[in-house]
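A.B. asks: Enclosed is the structure file upload-v2.txt (compact mmCIF, N, CA, C and O atoms).
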# COMPACT_ATOMS: atom_id res chain seq x y z
N MET A 422 102.67 125.43 102.70
CA MET A 422 103.24 124.15 102.34
C MET A 422 102.46 123.03 103.04
O MET A 422 102.13 123.16 104.21
N PRO A 423 102.19 121.97 102.33
CA PRO A 423 101.48 120.84 102.94
C PRO A 423 102.37 120.11 103.94
O PRO A 423 103.60 120.21 103.89
N PRO A 424 101.76 119.38 104.87
CA PRO A 424 102.52 118.67 105.90
C PRO A 424 103.61 117.75 105.35
O PRO A 424 104.70 117.68 105.91
N GLN A 425 103.32 117.07 104.23
CA GLN A 425 104.31 116.14 103.70
C GLN A 425 105.57 116.88 103.23
O GLN A 425 106.66 116.31 103.24
N ALA A 426 105.45 118.15 102.89
CA ALA A 426 106.62 118.94 102.49
C ALA A 426 107.56 119.19 103.67
O ALA A 426 108.72 119.53 103.48
N HIS A 427 107.03 118.99 104.86
CA HIS A 427 107.84 119.15 106.08
C HIS A 427 108.27 117.80 106.65
O HIS A 427 108.75 117.73 107.79
N GLY A 428 108.06 116.74 105.89
CA GLY A 428 108.49 115.41 106.31
C GLY A 428 107.54 114.70 107.25
O GLY A 428 107.92 113.72 107.88
N ILE A 429 106.31 115.17 107.34
CA ILE A 429 105.33 114.53 108.23
C ILE A 429 104.73 113.33 107.51
O ILE A 429 104.17 113.44 106.42
N ASP A 430 104.85 112.17 108.13
CA ASP A 430 104.37 110.91 107.58
C ASP A 430 102.84 110.90 107.49
O ASP A 430 102.15 111.29 108.43
N LYS A 431 102.33 110.45 106.34
CA LYS A 431 100.88 110.42 106.12
C LYS A 431 100.16 109.56 107.14
O LYS A 431 99.13 109.98 107.70
N ASP A 432 100.66 108.36 107.42
CA ASP A 432 99.99 107.48 108.39
C ASP A 432 99.96 108.12 109.78
O ASP A 432 98.95 108.03 110.48
N GLU A 433 101.05 108.74 110.15
CA GLU A 433 101.11 109.39 111.47
C GLU A 433 100.14 110.57 111.53
O GLU A 433 99.45 110.78 112.52
N TRP A 434 100.08 111.36 110.45
CA TRP A 434 99.17 112.50 110.38
C TRP A 434 97.72 112.04 110.59
O TRP A 434 97.01 112.58 111.42
N PHE A 435 97.33 111.00 109.85
CA PHE A 435 95.95 110.53 109.94
C PHE A 435 95.67 109.82 111.27
O PHE A 435 94.55 109.89 111.78
N ARG A 436 96.66 109.19 111.85
CA ARG A 436 96.49 108.56 113.16
C ARG A 436 96.22 109.61 114.23
O ARG A 436 95.45 109.39 115.16
N LEU A 437 96.83 110.78 114.07
CA LEU A 437 96.70 111.84 115.07
C LEU A 437 95.55 112.81 114.81
O LEU A 437 95.33 113.72 115.62
N LEU A 438 94.80 112.61 113.73
CA LEU A 438 93.70 113.52 113.44
C LEU A 438 92.73 113.71 114.60
O LEU A 438 92.40 114.86 114.93
N PRO A 439 92.26 112.63 115.25
CA PRO A 439 91.33 112.85 116.36
C PRO A 439 91.93 113.70 117.48
O PRO A 439 91.27 114.59 118.01
N LEU A 440 93.18 113.44 117.82
CA LEU A 440 93.84 114.21 118.88
C LEU A 440 94.00 115.67 118.47
O LEU A 440 93.72 116.58 119.25
N MET A 441 94.44 115.91 117.23
CA MET A 441 94.62 117.28 116.77
C MET A 441 93.31 118.04 116.78
O MET A 441 93.26 119.22 117.17
N ALA A 442 92.23 117.39 116.37
CA ALA A 442 90.91 118.04 116.35
C ALA A 442 90.45 118.36 117.76
O ALA A 442 89.93 119.46 118.03
N GLU A 443 90.61 117.42 118.68
CA GLU A 443 90.22 117.66 120.08
C GLU A 443 91.03 118.81 120.67
O GLU A 443 90.49 119.67 121.37
N GLN A 444 92.33 118.85 120.38
CA GLN A 444 93.18 119.92 120.90
C GLN A 444 92.80 121.26 120.29
O GLN A 444 92.86 122.29 120.96
N ALA A 445 92.42 121.26 119.02
CA ALA A 445 91.99 122.51 118.37
C ALA A 445 90.75 123.07 119.08
O ALA A 445 90.69 124.26 119.37
N LEU A 446 89.78 122.21 119.35
CA LEU A 446 88.58 122.67 120.06
C LEU A 446 88.90 123.12 121.47
O LEU A 446 88.39 124.14 121.94
N ALA A 447 89.75 122.38 122.15
CA ALA A 447 90.11 122.72 123.53
C ALA A 447 90.86 124.05 123.62
O ALA A 447 90.80 124.72 124.65
N SER A 448 91.53 124.43 122.54
CA SER A 448 92.28 125.69 122.55
C SER A 448 91.35 126.90 122.63
O SER A 448 91.78 127.98 123.02
N GLY A 449 90.11 126.72 122.24
CA GLY A 449 89.15 127.81 122.26
C GLY A 449 89.14 128.63 120.98
O GLY A 449 88.22 129.41 120.76
N SER A 450 90.11 128.47 120.13
CA SER A 450 90.20 129.27 118.90
C SER A 450 89.00 129.09 117.97
O SER A 450 88.54 130.07 117.39
N PRO A 451 88.48 127.86 117.80
CA PRO A 451 87.33 127.72 116.91
C PRO A 451 86.12 128.56 117.35
O PRO A 451 85.29 128.94 116.51
N ALA A 452 86.03 128.88 118.62
CA ALA A 452 84.90 129.67 119.12
C ALA A 452 84.95 131.11 118.61
O ALA A 452 83.96 131.84 118.72
N ASN A 453 86.07 131.50 118.01
CA ASN A 453 86.18 132.85 117.45
C ASN A 453 85.52 132.97 116.09
O ASN A 453 85.48 134.05 115.52
N ASN A 454 85.06 131.85 115.54
CA ASN A 454 84.42 131.84 114.23
C ASN A 454 82.91 131.98 114.37
O ASN A 454 82.34 131.61 115.40
N PRO A 455 82.25 132.50 113.34
CA PRO A 455 80.79 132.62 113.40
C PRO A 455 80.09 131.28 113.60
O PRO A 455 79.06 131.21 114.25
N VAL A 456 80.66 130.21 113.03
CA VAL A 456 80.11 128.86 113.20
C VAL A 456 81.23 128.00 113.78
O VAL A 456 82.29 127.87 113.18
N VAL A 457 80.98 127.44 114.95
CA VAL A 457 81.98 126.60 115.60
C VAL A 457 81.94 125.21 114.96
O VAL A 457 80.89 124.56 114.94
N PRO A 458 83.07 124.76 114.42
CA PRO A 458 83.08 123.44 113.77
C PRO A 458 83.01 122.30 114.79
O PRO A 458 83.40 122.46 115.95
N THR A 459 82.54 121.17 114.32
CA THR A 459 82.54 119.97 115.14
C THR A 459 83.91 119.29 115.03
O THR A 459 84.72 119.63 114.16
N VAL A 460 84.15 118.32 115.90
CA VAL A 460 85.40 117.55 115.83
C VAL A 460 85.51 116.88 114.46
O VAL A 460 86.58 116.89 113.84
N ASP A 461 84.41 116.33 113.96
CA ASP A 461 84.43 115.67 112.65
C ASP A 461 84.78 116.65 111.53
O ASP A 461 85.52 116.32 110.60
N GLU A 462 84.24 117.85 111.61
CA GLU A 462 84.54 118.86 110.58
C GLU A 462 86.01 119.27 110.62
O GLU A 462 86.63 119.46 109.57
N ILE A 463 86.55 119.40 111.81
CA ILE A 463 87.97 119.75 111.94
C ILE A 463 88.83 118.62 111.39
O ILE A 463 89.80 118.87 110.65
N GLN A 464 88.48 117.38 111.70
CA GLN A 464 89.23 116.24 111.17
C GLN A 464 89.19 116.23 109.65
O GLN A 464 90.19 115.97 108.99
N ASP A 465 88.03 116.55 109.08
CA ASP A 465 87.90 116.58 107.63
C ASP A 465 88.81 117.66 107.04
O ASP A 465 89.47 117.43 106.01
N LEU A 466 88.86 118.81 107.67
CA LEU A 466 89.75 119.88 107.20
C LEU A 466 91.21 119.44 107.25
O LEU A 466 91.97 119.67 106.29
N TYR A 467 91.62 118.82 108.34
CA TYR A 467 92.99 118.35 108.46
C TYR A 467 93.30 117.29 107.40
O TYR A 467 94.39 117.26 106.84
N ALA A 468 92.33 116.42 107.11
CA ALA A 468 92.54 115.41 106.08
C ALA A 468 92.72 116.07 104.71
O ALA A 468 93.58 115.66 103.93
N GLN A 469 91.95 117.11 104.44
CA GLN A 469 92.08 117.84 103.18
C GLN A 469 93.42 118.56 103.08
O GLN A 469 93.99 118.65 101.99
N ILE A 470 93.92 119.03 104.19
CA ILE A 470 95.21 119.72 104.20
C ILE A 470 96.32 118.79 103.76
O ILE A 470 97.21 119.18 103.01
N TYR A 471 96.28 117.53 104.21
CA TYR A 471 97.36 116.61 103.85
C TYR A 471 97.30 116.25 102.37
O TYR A 471 98.33 116.09 101.73
N ALA A 472 96.09 116.12 101.86
CA ALA A 472 95.92 115.70 100.46
C ALA A 472 96.45 116.74 99.56
O ALA A 472 97.28 116.82 98.85
Re-express the file's structure as structure tokens.
C.D. replies:
Amino acid sequence: MPPQAHGIDKDEWFRLLPLMAEQALASGSPANNPVVPTVDEIQDLYAQIYA
């Protein structure tokens, strides 16, 4: 289900994209992938998720 289906406000989601991307990288989980995404790539993925 997309974020808006859970009542997450679009403006708030996009305002928090940089923080969410930084936290994703800091978690270490992206390092488990063959190609580690950049902060910009993670933000782009999160933006696509909301759309």
A.B. asks: List as a PyMOL selection string the protein and nucleic acid residues near Ala442 in chain A, meaning an atom at most 7 Å away when only N, CA, C and O atoms are counted, but skip any in the same chain fewer than 5 places from it.
C.D. replies: chain A and resi 437+447-448+459-460+463-464
A.B. asks: Between A:Gly428, A:Asn453, A:Glu433, A:Leu438, which is the closest to Leu466 in chain A once you count only C-alpha atoms?
C.D. replies: A:Leu438
A.B. asks: To one decimal place, how far is atom N of Ala452 in chain A from CA of Leu440 in chain A in Å?
C.D. replies: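 The value is 16.6 Å.
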A.B. asks: Could you pull out the helix (DSSP H, G or I) residues of range 430-466 of chain A, going by DSSP on the backbone, and write them as number ranges by chain?
C.D. replies: A: 431-436, 438-448, 450-453, 460-466
A.B. asks: Could you list, as a PDB file with N, CA, C and O atoms, in the coordinates of the input, every residue within 8 Å of Ala472 in chain A, counting all atoms listed in the file and ignoring same-chain residues fewer than 4 positions away?
C.D. replies:
ATOM      1  N   PRO A 423     102.190 121.970 102.330  1.00  0.00           N
ATOM      2  CA  PRO A 423     101.480 120.840 102.940  1.00  0.00           C
ATOM      3  C   PRO A 423     102.370 120.110 103.940  1.00  0.00           C
ATOM      4  O   PRO A 423     103.600 120.210 103.890  1.00  0.00           O
ATOM      5  N   PRO A 424     101.760 119.380 104.870  1.00  0.00           N
ATOM      6  CA  PRO A 424     102.520 118.670 105.900  1.00  0.00           C
ATOM      7  C   PRO A 424     103.610 117.750 105.350  1.00  0.00           C
ATOM      8  O   PRO A 424     104.700 117.680 105.910  1.00  0.00           O
ATOM      9  N   GLN A 425     103.320 117.070 104.230  1.00  0.00           N
ATOM     10  CA  GLN A 425     104.310 116.140 103.700  1.00  0.00           C
ATOM     11  C   GLN A 425     105.570 116.880 103.230  1.00  0.00           C
ATOM     12  O   GLN A 425     106.660 116.310 103.240  1.00  0.00           O
ATOM     13  N   ASP A 465      88.030 116.550 109.080  1.00  0.00           N
ATOM     14  CA  ASP A 465      87.900 116.580 107.630  1.00  0.00           C
ATOM     15  C   ASP A 465      88.810 117.660 107.040  1.00  0.00           C
ATOM     16  O   ASP A 465      89.470 117.430 106.010  1.00  0.00           O
ATOM     17  N   LEU A 466      88.860 118.810 107.670  1.00  0.00           N
ATOM     18  CA  LEU A 466      89.750 119.880 107.200  1.00  0.00           C
ATOM     19  C   LEU A 466      91.210 119.440 107.250  1.00  0.00           C
ATOM     20  O   LEU A 466      91.970 119.670 106.290  1.00  0.00           O
ATOM     21  N   TYR A 467      91.620 118.820 108.340  1.00  0.00           N
ATOM     22  CA  TYR A 467      92.990 118.350 108.460  1.00  0.00           C
ATOM     23  C   TYR A 467      93.300 117.290 107.400  1.00  0.00           C
ATOM     24  O   TYR A 467      94.390 117.260 106.840  1.00  0.00           O
ATOM     25  N   ALA A 468      92.330 116.420 107.110  1.00  0.00           N
ATOM     26  CA  ALA A 468      92.540 115.410 106.080  1.00  0.00           C
ATOM     27  C   ALA A 468      92.720 116.070 104.710  1.00  0.00           C
ATOM     28  O   ALA A 468      93.580 115.660 103.930  1.00  0.00           O
TER      29      ALA A 468
END
